[in-house]
Amino acid sequence: MNSILIKNARLVNEGQIQETDVFVKNGLISRIGQNLNEVADTVIDARGQYLMPGIIDDQVHFRDPGLTHKGDLYTEPKSAVAGGVTTFMEMPNTVPNATTQQLLQDKYDTASQKSLANYSFFMGGTNDNLEDILKTDTRSVCGIKLFMGSSTGNMLVDNVHTLEEIFKQSPMLIATHCEDEATIRANTQRYVEQYGEENIPMSAHPLIRSVEACYKSSSMAVELAKKHNTRLHILHISTEEELALFANDVPLEQKRITAEVCVHHLWFDASQYETLGSQIKCNPAIKEARHKQALFQGLLDNRLDIIATDHAPHTWEEKQAGTYKGAPSGLPLVQHSLQVMLAFYQQGKISLERIVEKMCHAPAICFQVEKRGFVREGYWADLVLVDLEQNLTVSKDNILYKCGWSPLEGQTLPGVVTHTIVSGHLAYKNGAFDESKRGQRVLFSR
């Protein structure tokens, strides 16, 4: 494997920014220090640029298998790498759902052939697959995913006995989508009665998939986790009220219950349904502005531990179905998540060190990722160089998602990813990809 010497970079890592060189050899970070003079196959002069660990996105939907007209394990990891994401953890609600060990392995096999980024896949829970869940290998699978509220797919786990047993017996971290199904159905029925099936406004989405629905389900998950001492990670927190469920009085390494916030719940709010409509329809819903303000504060005070995307592409035609109920939920974001956070940095809302903490270090700690998420000697060389002197206007010309659109189109975002190194391989450089090597299956220190 080729060696790489990065010179004069401003390294953002473990709470500090310092100018240094980094030498990469045989896929690993071999040396970190000033004035390194190792002979390397590739030398990158990073003067003026920021070097960060590769982003670990713990929640994406890449649609492979079965929904590959929306995205697949070639196109979406490629777009991730262009945005500085070197490792992803993908959800099980593909077609078929990854709810058996064989179907889970099939996804790993596909990724090994197609993915430019490093990868892991969640094992999906259902009302009747506990036996398969308990066979999941804790060392080579990121976690168990439970939909405690239906979303895209048919994986709703609503049997109370089943939930008790999964929380009681799970050999590893459980990640949950928390929205109370009964509340959502009752809210939907009210709006159908008021507007009819075809005329519900898109602005009703956060009222149908309401604050109450989120809190009721999240609080149930927390209660179950506390009862059984389960390692619980609640995905895409979207309400101010749910922040009360999470603690910040112990280090992340010691937490048994953790939480994630997604970039779209920090960036958008309900006032934008009028202009963006179904483009920002997602589950849980983007809600009124008070929530994004509270979520940002929860991120900064460590009640929220991780920043992710919940990247969920649908075709433009699907999104423009014409009715509230007809338009699917989900939005594509993985190519631009770092730039969204850099916009917040530019606005003075968050430091570069905190961005790296929440997008790189914290996912590695939370999931016990082996030798990734930090720039350390002996760790895998997952590295990203960013030029903050450049900006990028998101447009169809530079969107790499298979679906070809983004709710961020027209936005000018700060910072351009110039180089992305995946497991020691220079996979992306100034807009060009080197696809001669694939990403690696991520392992976990459990």
# chains A, B, ... in the order shown; residues from 1 in each chain; ligands from 1

call {"tool": "residues_around", "arguments": {"residues": "A:Ala427", "least_positions_apart": "3", "cutoff": "10 Å", "atoms": "only C-alpha atoms", "output": "JSON, numbers by chain"}}
result
{"A": [78, 81, 82, 86, 116, 117, 419, 420, 421, 422, 423, 424, 432, 433, 434, 435, 436, 437, 438, 439]}

call {"tool": "write_last_selection", "arguments": {"atoms": "C-alpha atoms", "output": "mmCIF file, in the first residue's frame"}}
result
data_model
loop_
_atom_site.group_PDB
_atom_site.id
_atom_site.type_symbol
_atom_site.label_atom_id
_atom_site.label_comp_id
_atom_site.auth_asym_id
_atom_site.auth_seq_id
_atom_site.Cartn_x
_atom_site.Cartn_y
_atom_site.Cartn_z
ATOM 1 C CA LYS A 78 -18.756 7.728 -2.969
ATOM 2 C CA VAL A 81 -16.174 10.226 0.807
ATOM 3 C CA ALA A 82 -16.428 13.467 -1.191
ATOM 4 C CA THR A 86 -14.834 7.799 5.777
ATOM 5 C CA LEU A 116 -15.339 3.367 -1.305
ATOM 6 C CA ALA A 117 -15.892 4.154 2.403
ATOM 7 C CA HIS A 419 -8.530 15.151 0.139
ATOM 8 C CA THR A 420 -10.131 12.131 1.795
ATOM 9 C CA ILE A 421 -7.980 9.196 2.897
ATOM 10 C CA VAL A 422 -9.831 5.955 3.693
ATOM 11 C CA SER A 423 -7.874 3.279 5.578
ATOM 12 C CA GLY A 424 -4.647 4.717 4.182
ATOM 13 C CA ALA A 432 -11.311 13.154 -8.533
ATOM 14 C CA PHE A 433 -11.695 9.645 -7.110
ATOM 15 C CA ASP A 434 -9.214 6.784 -6.969
ATOM 16 C CA GLU A 435 -11.426 3.693 -6.861
ATOM 17 C CA SER A 436 -8.629 1.140 -7.006
ATOM 18 C CA LYS A 437 -9.285 0.106 -3.392
ATOM 19 C CA ARG A 438 -12.467 -0.402 -1.402
ATOM 20 C CA GLY A 439 -13.185 0.604 2.169
#

call {"tool": "residues_around", "arguments": {"residues": "A:Leu300", "least_positions_apart": "6", "cutoff": "10 Å", "atoms": "only C-alpha atoms", "output": "ChimeraX atom specification"}}
result
/A:294,349-351,354-355,358

call {"tool": "residues_around", "arguments": {"residues": "A:Leu443", "least_positions_apart": "4", "cutoff": "8 Å", "atoms": "only C-alpha atoms", "output": "count of residues only"}}
result
5

call {"tool": "closest_residue", "arguments": {"among": "A:Ile17, A:Ile286, A:Met123, A:Met148", "to": "A:Ile208", "atoms": "only C-alpha atoms"}}
result
A:Ile286

call {"tool": "atom_distance", "arguments": {"atom1": "atom CA of A:Asn37", "atom2": "atom CA of A:Asn13"}}
result
21.9 Å

call {"tool": "decode", "arguments": {"residues": "stretch 258-293 of chain A", "atoms": "N, CA, C and O atoms", "output": "mmCIF file, in the first residue's frame"}}
result
data_model
loop_
_atom_site.group_PDB
_atom_site.id
_atom_site.type_symbol
_atom_site.label_atom_id
_atom_site.label_comp_id
_atom_site.auth_asym_id
_atom_site.auth_seq_id
_atom_site.Cartn_x
_atom_site.Cartn_y
_atom_site.Cartn_z
ATOM 1 N N THR A 258 -27.137 7.022 25.347
ATOM 2 C CA THR A 258 -26.591 8.132 24.569
ATOM 3 C C THR A 258 -27.605 8.563 23.510
ATOM 4 O O THR A 258 -28.598 7.894 23.271
ATOM 5 N N ALA A 259 -27.314 9.705 22.875
ATOM 6 C CA ALA A 259 -28.264 10.267 21.915
ATOM 7 C C ALA A 259 -27.524 10.955 20.779
ATOM 8 O O ALA A 259 -26.417 11.459 20.942
ATOM 9 N N GLU A 260 -28.223 10.992 19.654
ATOM 10 C CA GLU A 260 -27.695 11.584 18.429
ATOM 11 C C GLU A 260 -28.610 12.713 17.963
ATOM 12 O O GLU A 260 -29.823 12.648 18.148
ATOM 13 N N VAL A 261 -28.007 13.724 17.354
ATOM 14 C CA VAL A 261 -28.782 14.753 16.655
ATOM 15 C C VAL A 261 -28.310 14.769 15.207
ATOM 16 O O VAL A 261 -27.141 14.513 14.920
ATOM 17 N N CYS A 262 -29.234 15.027 14.299
ATOM 18 C CA CYS A 262 -28.895 15.062 12.875
ATOM 19 C C CYS A 262 -28.793 16.495 12.375
ATOM 20 O O CYS A 262 -29.458 17.399 12.897
ATOM 21 N N VAL A 263 -27.985 16.672 11.329
ATOM 22 C CA VAL A 263 -27.708 18.025 10.849
ATOM 23 C C VAL A 263 -28.980 18.741 10.404
ATOM 24 O O VAL A 263 -29.111 19.957 10.588
ATOM 25 N N HIS A 264 -29.948 18.011 9.848
ATOM 26 C CA HIS A 264 -31.151 18.689 9.350
ATOM 27 C C HIS A 264 -32.033 19.209 10.481
ATOM 28 O O HIS A 264 -32.752 20.190 10.291
ATOM 29 N N HIS A 265 -31.972 18.571 11.650
ATOM 30 C CA HIS A 265 -32.747 19.081 12.785
ATOM 31 C C HIS A 265 -32.078 20.302 13.425
ATOM 32 O O HIS A 265 -32.709 21.023 14.205
ATOM 33 N N LEU A 266 -30.808 20.528 13.090
ATOM 34 C CA LEU A 266 -30.115 21.745 13.524
ATOM 35 C C LEU A 266 -30.242 22.870 12.501
ATOM 36 O O LEU A 266 -30.178 24.044 12.851
ATOM 37 N N TRP A 267 -30.433 22.510 11.236
ATOM 38 C CA TRP A 267 -30.351 23.476 10.134
ATOM 39 C C TRP A 267 -31.714 24.030 9.721
ATOM 40 O O TRP A 267 -31.872 25.229 9.496
ATOM 41 N N PHE A 268 -32.691 23.146 9.594
ATOM 42 C CA PHE A 268 -34.023 23.536 9.112
ATOM 43 C C PHE A 268 -34.992 23.694 10.278
ATOM 44 O O PHE A 268 -34.744 23.221 11.384
ATOM 45 N N ASP A 269 -36.120 24.375 10.014
ATOM 46 C CA ASP A 269 -37.220 24.400 10.978
ATOM 47 C C ASP A 269 -38.543 24.439 10.221
ATOM 48 O O ASP A 269 -38.571 24.539 8.986
ATOM 49 N N ALA A 270 -39.633 24.346 10.964
ATOM 50 C CA ALA A 270 -40.956 24.150 10.366
ATOM 51 C C ALA A 270 -41.378 25.289 9.440
ATOM 52 O O ALA A 270 -42.217 25.084 8.552
ATOM 53 N N SER A 271 -40.804 26.477 9.602
ATOM 54 C CA SER A 271 -41.183 27.593 8.728
ATOM 55 C C SER A 271 -40.817 27.317 7.271
ATOM 56 O O SER A 271 -41.361 27.936 6.354
ATOM 57 N N GLN A 272 -39.910 26.361 7.028
ATOM 58 C CA GLN A 272 -39.421 26.107 5.673
ATOM 59 C C GLN A 272 -40.248 25.069 4.903
ATOM 60 O O GLN A 272 -39.982 24.830 3.734
ATOM 61 N N TYR A 273 -41.257 24.469 5.558
ATOM 62 C CA TYR A 273 -42.145 23.586 4.792
ATOM 63 C C TYR A 273 -42.838 24.363 3.661
ATOM 64 O O TYR A 273 -43.130 23.810 2.601
ATOM 65 N N GLU A 274 -43.065 25.645 3.892
ATOM 66 C CA GLU A 274 -43.761 26.467 2.890
ATOM 67 C C GLU A 274 -42.976 26.549 1.588
ATOM 68 O O GLU A 274 -43.559 26.536 0.496
ATOM 69 N N THR A 275 -41.638 26.609 1.700
ATOM 70 C CA THR A 275 -40.816 26.740 0.499
ATOM 71 C C THR A 275 -40.224 25.410 0.037
ATOM 72 O O THR A 275 -40.103 25.158 -1.165
ATOM 73 N N LEU A 276 -39.874 24.548 0.975
ATOM 74 C CA LEU A 276 -39.197 23.299 0.613
ATOM 75 C C LEU A 276 -40.130 22.092 0.596
ATOM 76 O O LEU A 276 -39.810 21.073 -0.023
ATOM 77 N N GLY A 277 -41.255 22.188 1.269
ATOM 78 C CA GLY A 277 -42.269 21.137 1.213
ATOM 79 C C GLY A 277 -41.730 19.764 1.522
ATOM 80 O O GLY A 277 -41.038 19.541 2.524
ATOM 81 N N SER A 278 -42.001 18.812 0.626
ATOM 82 C CA SER A 278 -41.624 17.412 0.861
ATOM 83 C C SER A 278 -40.111 17.202 0.883
ATOM 84 O O SER A 278 -39.646 16.164 1.370
ATOM 85 N N GLN A 279 -39.339 18.171 0.391
ATOM 86 C CA GLN A 279 -37.881 18.018 0.428
ATOM 87 C C GLN A 279 -37.358 17.867 1.848
ATOM 88 O O GLN A 279 -36.321 17.243 2.070
ATOM 89 N N ILE A 280 -38.045 18.458 2.819
ATOM 90 C CA ILE A 280 -37.595 18.336 4.209
ATOM 91 C C ILE A 280 -38.553 17.482 5.037
ATOM 92 O O ILE A 280 -38.520 17.530 6.266
ATOM 93 N N LYS A 281 -39.385 16.690 4.364
ATOM 94 C CA LYS A 281 -40.225 15.739 5.084
ATOM 95 C C LYS A 281 -39.374 14.539 5.482
ATOM 96 O O LYS A 281 -38.812 13.850 4.631
ATOM 97 N N CYS A 282 -39.249 14.304 6.769
ATOM 98 C CA CYS A 282 -38.445 13.199 7.282
ATOM 99 C C CYS A 282 -39.040 12.753 8.610
ATOM 100 O O CYS A 282 -39.862 13.457 9.200
ATOM 101 N N ASN A 283 -38.622 11.577 9.050
ATOM 102 C CA ASN A 283 -39.097 11.040 10.328
ATOM 103 C C ASN A 283 -37.915 10.801 11.252
ATOM 104 O O ASN A 283 -36.992 10.093 10.847
ATOM 105 N N PRO A 284 -37.925 11.351 12.471
ATOM 106 C CA PRO A 284 -38.924 12.263 13.010
ATOM 107 C C PRO A 284 -38.889 13.615 12.296
ATOM 108 O O PRO A 284 -37.888 13.982 11.691
ATOM 109 N N ALA A 285 -39.987 14.326 12.412
ATOM 110 C CA ALA A 285 -40.175 15.541 11.629
ATOM 111 C C ALA A 285 -39.281 16.689 12.097
ATOM 112 O O ALA A 285 -38.940 16.795 13.280
ATOM 113 N N ILE A 286 -38.917 17.534 11.148
ATOM 114 C CA ILE A 286 -38.330 18.842 11.460
ATOM 115 C C ILE A 286 -39.438 19.688 12.066
ATOM 116 O O ILE A 286 -40.518 19.819 11.493
ATOM 117 N N LYS A 287 -39.164 20.264 13.231
ATOM 118 C CA LYS A 287 -40.205 20.942 14.005
ATOM 119 C C LYS A 287 -39.919 22.436 14.121
ATOM 120 O O LYS A 287 -39.008 22.947 13.468
ATOM 121 N N GLU A 288 -40.695 23.120 14.935
ATOM 122 C CA GLU A 288 -40.578 24.578 14.997
ATOM 123 C C GLU A 288 -39.218 25.001 15.540
ATOM 124 O O GLU A 288 -38.489 24.221 16.147
ATOM 125 N N ALA A 289 -38.884 26.273 15.327
ATOM 126 C CA ALA A 289 -37.518 26.770 15.530
ATOM 127 C C ALA A 289 -37.007 26.585 16.952
ATOM 128 O O ALA A 289 -35.804 26.402 17.150
ATOM 129 N N ARG A 290 -37.886 26.609 17.936
ATOM 130 C CA ARG A 290 -37.403 26.480 19.329
ATOM 131 C C ARG A 290 -36.657 25.156 19.527
ATOM 132 O O ARG A 290 -35.734 25.075 20.348
ATOM 133 N N HIS A 291 -37.032 24.153 18.775
ATOM 134 C CA HIS A 291 -36.407 22.845 18.955
ATOM 135 C C HIS A 291 -34.975 22.837 18.451
ATOM 136 O O HIS A 291 -34.082 22.318 19.122
ATOM 137 N N LYS A 292 -34.733 23.427 17.272
ATOM 138 C CA LYS A 292 -33.358 23.395 16.756
ATOM 139 C C LYS A 292 -32.424 24.217 17.653
ATOM 140 O O LYS A 292 -31.254 23.859 17.822
ATOM 141 N N GLN A 293 -32.960 25.277 18.238
ATOM 142 C CA GLN A 293 -32.140 26.069 19.159
ATOM 143 C C GLN A 293 -31.792 25.266 20.411
ATOM 144 O O GLN A 293 -30.644 25.260 20.881
#
